[in-house]
Amino acid sequence: METTNRSLWSRIMRHRYLYLMVLPGFLTVLIFSYFPMYGILIAFKDYSAAKGIMDSPWVGFKYFNTFFHDPMAFRVLKNTLLLGVFTLFWSFPAPIILALLFNELRNKRFKKVVQTVSYFPHFISVVIVAGMIKEFTARDGLFNDIISFFGGSPIMFLLEPDYFRTIFISSGIWQGIGFGTIIYLAALSGIDPTLYDVAEVDGANRWKKIVHITWPSLRSTTVILLIFAVGGVLGTDFQKIILLYSPETYSVADVIGSYVYRQGILGAQYEYTTAIGLFMSVISFIVLYLTNWISRKVSDTSLF
């Protein structure tokens, strides 16, 4: 045992600078992600701020049962799932397609300009994006000006349930498509250029080069990111939803995150909303695990 400890300490000292580089990130995750996890206990207790978490009485699965019998539960679960699936269906392929298009550009200066422009929306605050959407979709906004120009009647987009999901998903694609290409472009940079030259000598056109050279190089990266994306289907961007939705659009826009915000932050039902959050986290983990298992069986690529 003493020899093992000495060997471990010698390895630590030999790589001490690497460990020092990792230390800030490790401490950040430990302090802000792991230490607060003891707060999960609130989901199983009748929480009282005066008594604290540990001294509050246990109530078991009371708040989980309350959520399952809540008439709003089905609506928020359905909206969360639908928004998550639709976002995955439309948003996930967008950066891949854009990265493939970037890869086909031969003018390097033009390529850099287009890439920079496409990255810019990612760095805009969600609050500003929501404000832009409200301005563009207002009765006297840009969209209605275009509709009126062609003889149509103004539409209150954010008050119409039929338009909310389209606006939410399309704005998310606009904001994230450029930045999402970074990982794919990094994978494409590792392709040997001689492969394209050989394919061209063999008579392959651009489409065949993409199918037989470019796409196989992206496949493993795409599978890994898809696993993460499927695992996050239930984690809809509720911050933007809260900024955009209204009682008129609750039927299609009210998701788990916005419901928890109203009940927990505004309604001070901390135990109830902690139970909902824990339940959704468990479901997300199960979905992630199943997706990873299916990926490992089908493509031999997985996270673990």
# chains A, B, ... in the order shown; residues from 1 in each chain; ligands from 1
call {"tool": "closest_atom_pairs", "arguments": {"of": "range 58-123 of chain A", "to": "range 246-269 of chain A", "cutoff": "6 Å", "atoms": "only C-alpha atoms", "output": "CSV"}}
result
residue,atom,partner,partner_atom,distance
A:Val76,CA,A:Val255,CA,4.5
A:Asn79,CA,A:Val255,CA,5.5
A:Thr80,CA,A:Val255,CA,4.8
call {"tool": "write_last_selection", "arguments": {"atoms": "N, CA and C atoms", "output": "PDB file, in the first residue's frame"}}
result
ATOM      1  N   VAL A  76     -47.986  20.307 -20.073  1.00  0.00           N
ATOM      2  CA  VAL A  76     -46.597  20.750 -20.072  1.00  0.00           C
ATOM      3  C   VAL A  76     -45.662  19.636 -20.548  1.00  0.00           C
ATOM      4  N   ASN A  79     -46.144  19.541 -24.421  1.00  0.00           N
ATOM      5  CA  ASN A  79     -45.479  20.685 -25.069  1.00  0.00           C
ATOM      6  C   ASN A  79     -43.958  20.562 -25.009  1.00  0.00           C
ATOM      7  N   THR A  80     -43.438  20.106 -23.867  1.00  0.00           N
ATOM      8  CA  THR A  80     -41.993  19.930 -23.735  1.00  0.00           C
ATOM      9  C   THR A  80     -41.479  18.914 -24.735  1.00  0.00           C
TER      10      THR A  80
END
call {"tool": "closest_residue", "arguments": {"among": "A:Phe149, A:Phe68, A:Tyr272, A:Phe164", "to": "Lys240 in chain A", "atoms": "only C-alpha atoms"}}
result
A:Phe164
call {"tool": "atom_distance", "arguments": {"atom1": "CA of Phe143 in chain A", "atom2": "CA of Val85 in chain A"}}
result
26.6 Å
call {"tool": "atom_distance", "arguments": {"atom1": "CA of Ala229 in chain A", "atom2": "CA of Phe89 in chain A"}}
result
10.2 Å
call {"tool": "residues_around", "arguments": {"residues": "Met54 in chain A", "least_positions_apart": "2", "cutoff": "10 Å", "atoms": "only C-alpha atoms", "output": "PyMOL selection string"}}
result
chain A and resi 38-39+41-42+45+47-48+51-52+56-58
call {"tool": "write_last_selection", "arguments": {"atoms": "all heavy atoms", "output": "CSV table (one decimal), in the first residue's frame"}}
result
chain,number,residue,atom,x,y,z
A,38,TYR,N,-27.4,18.4,-2.9
A,38,TYR,CA,-28.1,18.0,-1.7
A,38,TYR,C,-29.5,18.6,-1.6
A,38,TYR,O,-30.3,18.1,-0.9
A,38,TYR,CB,-27.2,18.3,-0.4
A,38,TYR,CG,-27.4,19.7,0.1
A,38,TYR,CD1,-28.2,20.0,1.1
A,38,TYR,CD2,-26.6,20.7,-0.5
A,38,TYR,CE1,-28.4,21.3,1.5
A,38,TYR,CE2,-26.7,22.0,-0.1
A,38,TYR,CZ,-27.6,22.3,0.9
A,38,TYR,OH,-27.7,23.6,1.4
A,39,GLY,N,-29.7,19.7,-2.3
A,39,GLY,CA,-31.0,20.3,-2.4
A,39,GLY,C,-32.1,19.5,-3.0
A,39,GLY,O,-33.3,19.8,-2.8
A,41,LEU,N,-33.0,16.9,-1.9
A,41,LEU,CA,-33.8,16.4,-0.7
A,41,LEU,C,-35.1,17.1,-0.5
A,41,LEU,O,-36.1,16.6,0.0
A,41,LEU,CB,-33.0,16.4,0.5
A,41,LEU,CG,-31.7,15.5,0.6
A,41,LEU,CD1,-30.9,15.9,1.9
A,41,LEU,CD2,-32.1,14.1,0.6
A,42,ILE,N,-35.2,18.4,-1.0
A,42,ILE,CA,-36.4,19.2,-0.8
A,42,ILE,C,-37.6,18.5,-1.5
A,42,ILE,O,-38.7,18.6,-1.0
A,42,ILE,CB,-36.2,20.6,-1.4
A,42,ILE,CG1,-35.1,21.3,-0.6
A,42,ILE,CG2,-37.5,21.4,-1.4
A,42,ILE,CD1,-34.8,22.7,-1.2
A,45,LYS,N,-39.4,16.4,1.0
A,45,LYS,CA,-39.6,16.9,2.3
A,45,LYS,C,-40.7,18.0,2.3
A,45,LYS,O,-40.9,18.6,1.2
A,45,LYS,CB,-38.3,17.5,2.9
A,45,LYS,CG,-37.3,16.4,3.3
A,45,LYS,CD,-36.2,17.0,4.2
A,45,LYS,CE,-35.4,15.9,4.8
A,45,LYS,NZ,-34.5,16.4,5.9
A,47,TYR,N,-40.7,21.3,3.0
A,47,TYR,CA,-39.6,22.2,3.3
A,47,TYR,C,-40.1,23.4,4.0
A,47,TYR,O,-41.1,24.0,3.7
A,47,TYR,CB,-38.9,22.6,2.0
A,47,TYR,CG,-37.9,23.7,2.1
A,47,TYR,CD1,-36.7,23.4,2.8
A,47,TYR,CD2,-38.1,25.0,1.6
A,47,TYR,CE1,-35.7,24.4,2.9
A,47,TYR,CE2,-37.1,25.9,1.7
A,47,TYR,CZ,-35.9,25.6,2.4
A,47,TYR,OH,-35.0,26.6,2.5
A,48,SER,N,-39.3,23.8,5.0
A,48,SER,CA,-39.5,25.0,5.8
A,48,SER,C,-38.2,25.8,5.9
A,48,SER,O,-37.2,25.2,6.3
A,48,SER,CB,-40.0,24.7,7.2
A,48,SER,OG,-40.0,25.9,8.0
A,51,LYS,N,-36.7,25.8,9.3
A,51,LYS,CA,-36.1,24.6,9.8
A,51,LYS,C,-34.8,24.2,9.0
A,51,LYS,O,-34.0,23.4,9.5
A,51,LYS,CB,-37.1,23.5,9.8
A,51,LYS,CG,-38.3,23.7,10.8
A,51,LYS,CD,-39.2,22.6,10.7
A,51,LYS,CE,-40.4,22.8,11.6
A,51,LYS,NZ,-41.4,21.7,11.5
A,52,GLY,N,-34.8,24.6,7.7
A,52,GLY,CA,-33.7,24.2,6.9
A,52,GLY,C,-34.0,22.9,6.2
A,52,GLY,O,-35.0,22.2,6.5
A,56,SER,N,-36.3,19.7,8.0
A,56,SER,CA,-37.7,19.6,7.5
A,56,SER,C,-38.2,18.2,7.5
A,56,SER,O,-37.5,17.3,7.2
A,56,SER,CB,-37.8,20.3,6.1
A,56,SER,OG,-37.4,21.6,6.1
A,57,PRO,N,-39.5,18.0,7.8
A,57,PRO,CA,-40.0,16.6,7.8
A,57,PRO,C,-40.1,15.9,6.5
A,57,PRO,O,-40.4,16.6,5.5
A,57,PRO,CB,-41.4,16.8,8.5
A,57,PRO,CG,-41.8,18.2,8.1
A,57,PRO,CD,-40.5,19.0,8.1
A,58,TRP,N,-39.9,14.6,6.5
A,58,TRP,CA,-40.0,13.8,5.2
A,58,TRP,C,-41.4,13.6,4.9
A,58,TRP,O,-42.3,13.4,5.7
A,58,TRP,CB,-39.3,12.5,5.4
A,58,TRP,CG,-37.8,12.5,5.5
A,58,TRP,CD1,-37.1,12.7,6.7
A,58,TRP,CD2,-36.9,12.5,4.5
A,58,TRP,NE1,-35.8,12.7,6.4
A,58,TRP,CE2,-35.6,12.6,5.1
A,58,TRP,CE3,-37.0,12.3,3.1
A,58,TRP,CZ2,-34.4,12.5,4.3
A,58,TRP,CZ3,-35.8,12.3,2.3
A,58,TRP,CH2,-34.6,12.4,2.9
call {"tool": "closest_atom_pairs", "arguments": {"of": "range 50-85 of chain A", "to": "range 166-170 of chain A", "cutoff": "12 Å", "atoms": "only C-alpha atoms", "output": "tab-separated table"}}
result
residue	atom	partner	partner_atom	distance
A:Leu82	CA	A:Ile169	CA	11.3
A:Leu83	CA	A:Ile169	CA	8.0
A:Gly84	CA	A:Ile169	CA	9.5
A:Val85	CA	A:Ile169	CA	10.6
call {"tool": "atom_distance", "arguments": {"atom1": "CA of Arg11 in chain A", "atom2": "CA of Pro24 in chain A"}}
result
19.7 Å
call {"tool": "residues_around", "arguments": {"residues": "range 276-283 of chain A", "least_positions_apart": "5", "cutoff": "9 Å", "atoms": "only C-alpha atoms", "output": "list in words"}}
result
Ile40, Ala43, Tyr63, Phe64, Phe67, Leu234, Gly235, Ile256, Gly257, Val260, Glu271 and Leu288 of chain A
call {"tool": "select_by_dssp", "arguments": {"residues": "range 56-95 of chain A", "states": "helix (DSSP H, G or I)", "output": "ChimeraX atom specification"}}
result
/A:62-68,73-91,93-95
call {"tool": "write_last_selection", "arguments": {"atoms": "N, CA, C and O atoms", "output": "short mmCIF file (atom, residue, chain, number, x, y, z; two decimals), in the first residue's frame"}}
result
data_model
loop_
_atom_site.label_atom_id
_atom_site.label_comp_id
_atom_site.auth_asym_id
_atom_site.auth_seq_id
_atom_site.Cartn_x
_atom_site.Cartn_y
_atom_site.Cartn_z
N LYS A 62 -44.85 12.48 -1.98
CA LYS A 62 -46.07 13.29 -1.99
C LYS A 62 -46.12 14.25 -3.17
O LYS A 62 -47.14 14.33 -3.88
N TYR A 63 -45.03 14.96 -3.44
CA TYR A 63 -45.05 15.99 -4.48
C TYR A 63 -44.94 15.39 -5.88
O TYR A 63 -45.40 16.00 -6.84
N PHE A 64 -44.38 14.20 -5.99
CA PHE A 64 -44.40 13.51 -7.28
C PHE A 64 -45.84 13.11 -7.62
O PHE A 64 -46.29 13.28 -8.76
N ASN A 65 -46.56 12.59 -6.64
CA ASN A 65 -47.96 12.23 -6.85
C ASN A 65 -48.80 13.46 -7.17
O ASN A 65 -49.72 13.40 -8.00
N THR A 66 -48.47 14.58 -6.52
CA THR A 66 -49.20 15.82 -6.80
C THR A 66 -49.04 16.23 -8.25
O THR A 66 -50.00 16.63 -8.92
N PHE A 67 -47.81 16.10 -8.79
CA PHE A 67 -47.57 16.46 -10.18
C PHE A 67 -48.30 15.52 -11.13
O PHE A 67 -48.90 15.95 -12.13
N PHE A 68 -48.26 14.21 -10.86
CA PHE A 68 -48.90 13.25 -11.75
C PHE A 68 -50.42 13.43 -11.78
O PHE A 68 -51.07 13.06 -12.77
N ALA A 73 -50.21 18.77 -15.85
CA ALA A 73 -49.03 17.93 -16.09
C ALA A 73 -48.99 17.42 -17.53
O ALA A 73 -47.94 17.47 -18.18
N PHE A 74 -50.11 16.93 -18.03
CA PHE A 74 -50.12 16.37 -19.39
C PHE A 74 -49.78 17.45 -20.42
O PHE A 74 -49.03 17.20 -21.36
N ARG A 75 -50.32 18.64 -20.22
CA ARG A 75 -50.08 19.71 -21.19
C ARG A 75 -48.61 20.10 -21.23
O ARG A 75 -48.02 20.21 -22.32
N VAL A 76 -47.99 20.31 -20.07
CA VAL A 76 -46.60 20.75 -20.07
C VAL A 76 -45.66 19.64 -20.55
O VAL A 76 -44.66 19.90 -21.23
N LEU A 77 -45.99 18.39 -20.23
CA LEU A 77 -45.18 17.27 -20.71
C LEU A 77 -45.29 17.15 -22.23
O LEU A 77 -44.28 16.94 -22.93
N LYS A 78 -46.51 17.28 -22.74
CA LYS A 78 -46.71 17.19 -24.19
C LYS A 78 -46.00 18.32 -24.92
O LYS A 78 -45.30 18.09 -25.92
N ASN A 79 -46.14 19.54 -24.42
CA ASN A 79 -45.48 20.68 -25.07
C ASN A 79 -43.96 20.56 -25.01
O ASN A 79 -43.27 20.89 -25.98
N THR A 80 -43.44 20.11 -23.87
CA THR A 80 -41.99 19.93 -23.74
C THR A 80 -41.48 18.91 -24.74
O THR A 80 -40.46 19.14 -25.41
N LEU A 81 -42.17 17.80 -24.85
CA LEU A 81 -41.75 16.74 -25.77
C LEU A 81 -41.86 17.18 -27.22
O LEU A 81 -40.92 16.98 -28.02
N LEU A 82 -42.98 17.82 -27.57
CA LEU A 82 -43.17 18.24 -28.96
C LEU A 82 -42.15 19.31 -29.36
O LEU A 82 -41.54 19.22 -30.44
N LEU A 83 -41.96 20.31 -28.50
CA LEU A 83 -40.98 21.35 -28.82
C LEU A 83 -39.57 20.77 -28.91
O LEU A 83 -38.79 21.14 -29.79
N GLY A 84 -39.25 19.83 -28.02
CA GLY A 84 -37.94 19.22 -28.04
C GLY A 84 -37.70 18.39 -29.29
O GLY A 84 -36.64 18.48 -29.93
N VAL A 85 -38.70 17.60 -29.68
CA VAL A 85 -38.57 16.75 -30.87
C VAL A 85 -38.52 17.60 -32.14
O VAL A 85 -37.68 17.36 -33.03
N PHE A 86 -39.40 18.59 -32.24
CA PHE A 86 -39.39 19.46 -33.43
C PHE A 86 -38.08 20.24 -33.53
O PHE A 86 -37.52 20.41 -34.63
N THR A 87 -37.59 20.71 -32.40
CA THR A 87 -36.31 21.44 -32.40
C THR A 87 -35.18 20.52 -32.84
O THR A 87 -34.31 20.92 -33.63
N LEU A 88 -35.18 19.29 -32.33
CA LEU A 88 -34.15 18.32 -32.74
C LEU A 88 -34.24 18.03 -34.22
O LEU A 88 -33.22 17.99 -34.93
N PHE A 89 -35.45 17.85 -34.73
CA PHE A 89 -35.65 17.48 -36.14
C PHE A 89 -35.17 18.58 -37.08
O PHE A 89 -34.53 18.29 -38.11
N TRP A 90 -35.44 19.83 -36.75
CA TRP A 90 -35.10 20.94 -37.64
C TRP A 90 -33.72 21.55 -37.32
O TRP A 90 -33.01 21.96 -38.24
N SER A 91 -33.36 21.61 -36.04
CA SER A 91 -32.13 22.32 -35.66
C SER A 91 -30.88 21.46 -35.78
O SER A 91 -29.81 21.98 -36.10
N PRO A 93 -29.89 19.01 -37.97
CA PRO A 93 -29.22 18.88 -39.28
C PRO A 93 -28.69 20.21 -39.82
O PRO A 93 -27.81 20.20 -40.69
N ALA A 94 -29.22 21.33 -39.34
CA ALA A 94 -28.86 22.63 -39.93
C ALA A 94 -27.36 22.92 -39.88
O ALA A 94 -26.77 23.29 -40.91
N PRO A 95 -26.67 22.78 -38.73
CA PRO A 95 -25.22 23.04 -38.73
C PRO A 95 -24.43 22.07 -39.61
O PRO A 95 -23.40 22.46 -40.17
#
call {"tool": "closest_atom_pairs", "arguments": {"of": "range 63-160 of chain A", "to": "range 198-222 of chain A", "cutoff": "10 Å", "atoms": "only C-alpha atoms", "output": "tab-separated table"}}
result
residue	atom	partner	partner_atom	distance
A:Phe92	CA	A:Thr222	CA	9.3
A:Pro93	CA	A:Thr222	CA	9.3
A:Ile96	CA	A:Thr222	CA	8.2
A:Leu100	CA	A:Ile210	CA	7.9
A:Asn103	CA	A:Thr214	CA	9.0
A:Glu104	CA	A:Arg206	CA	8.3
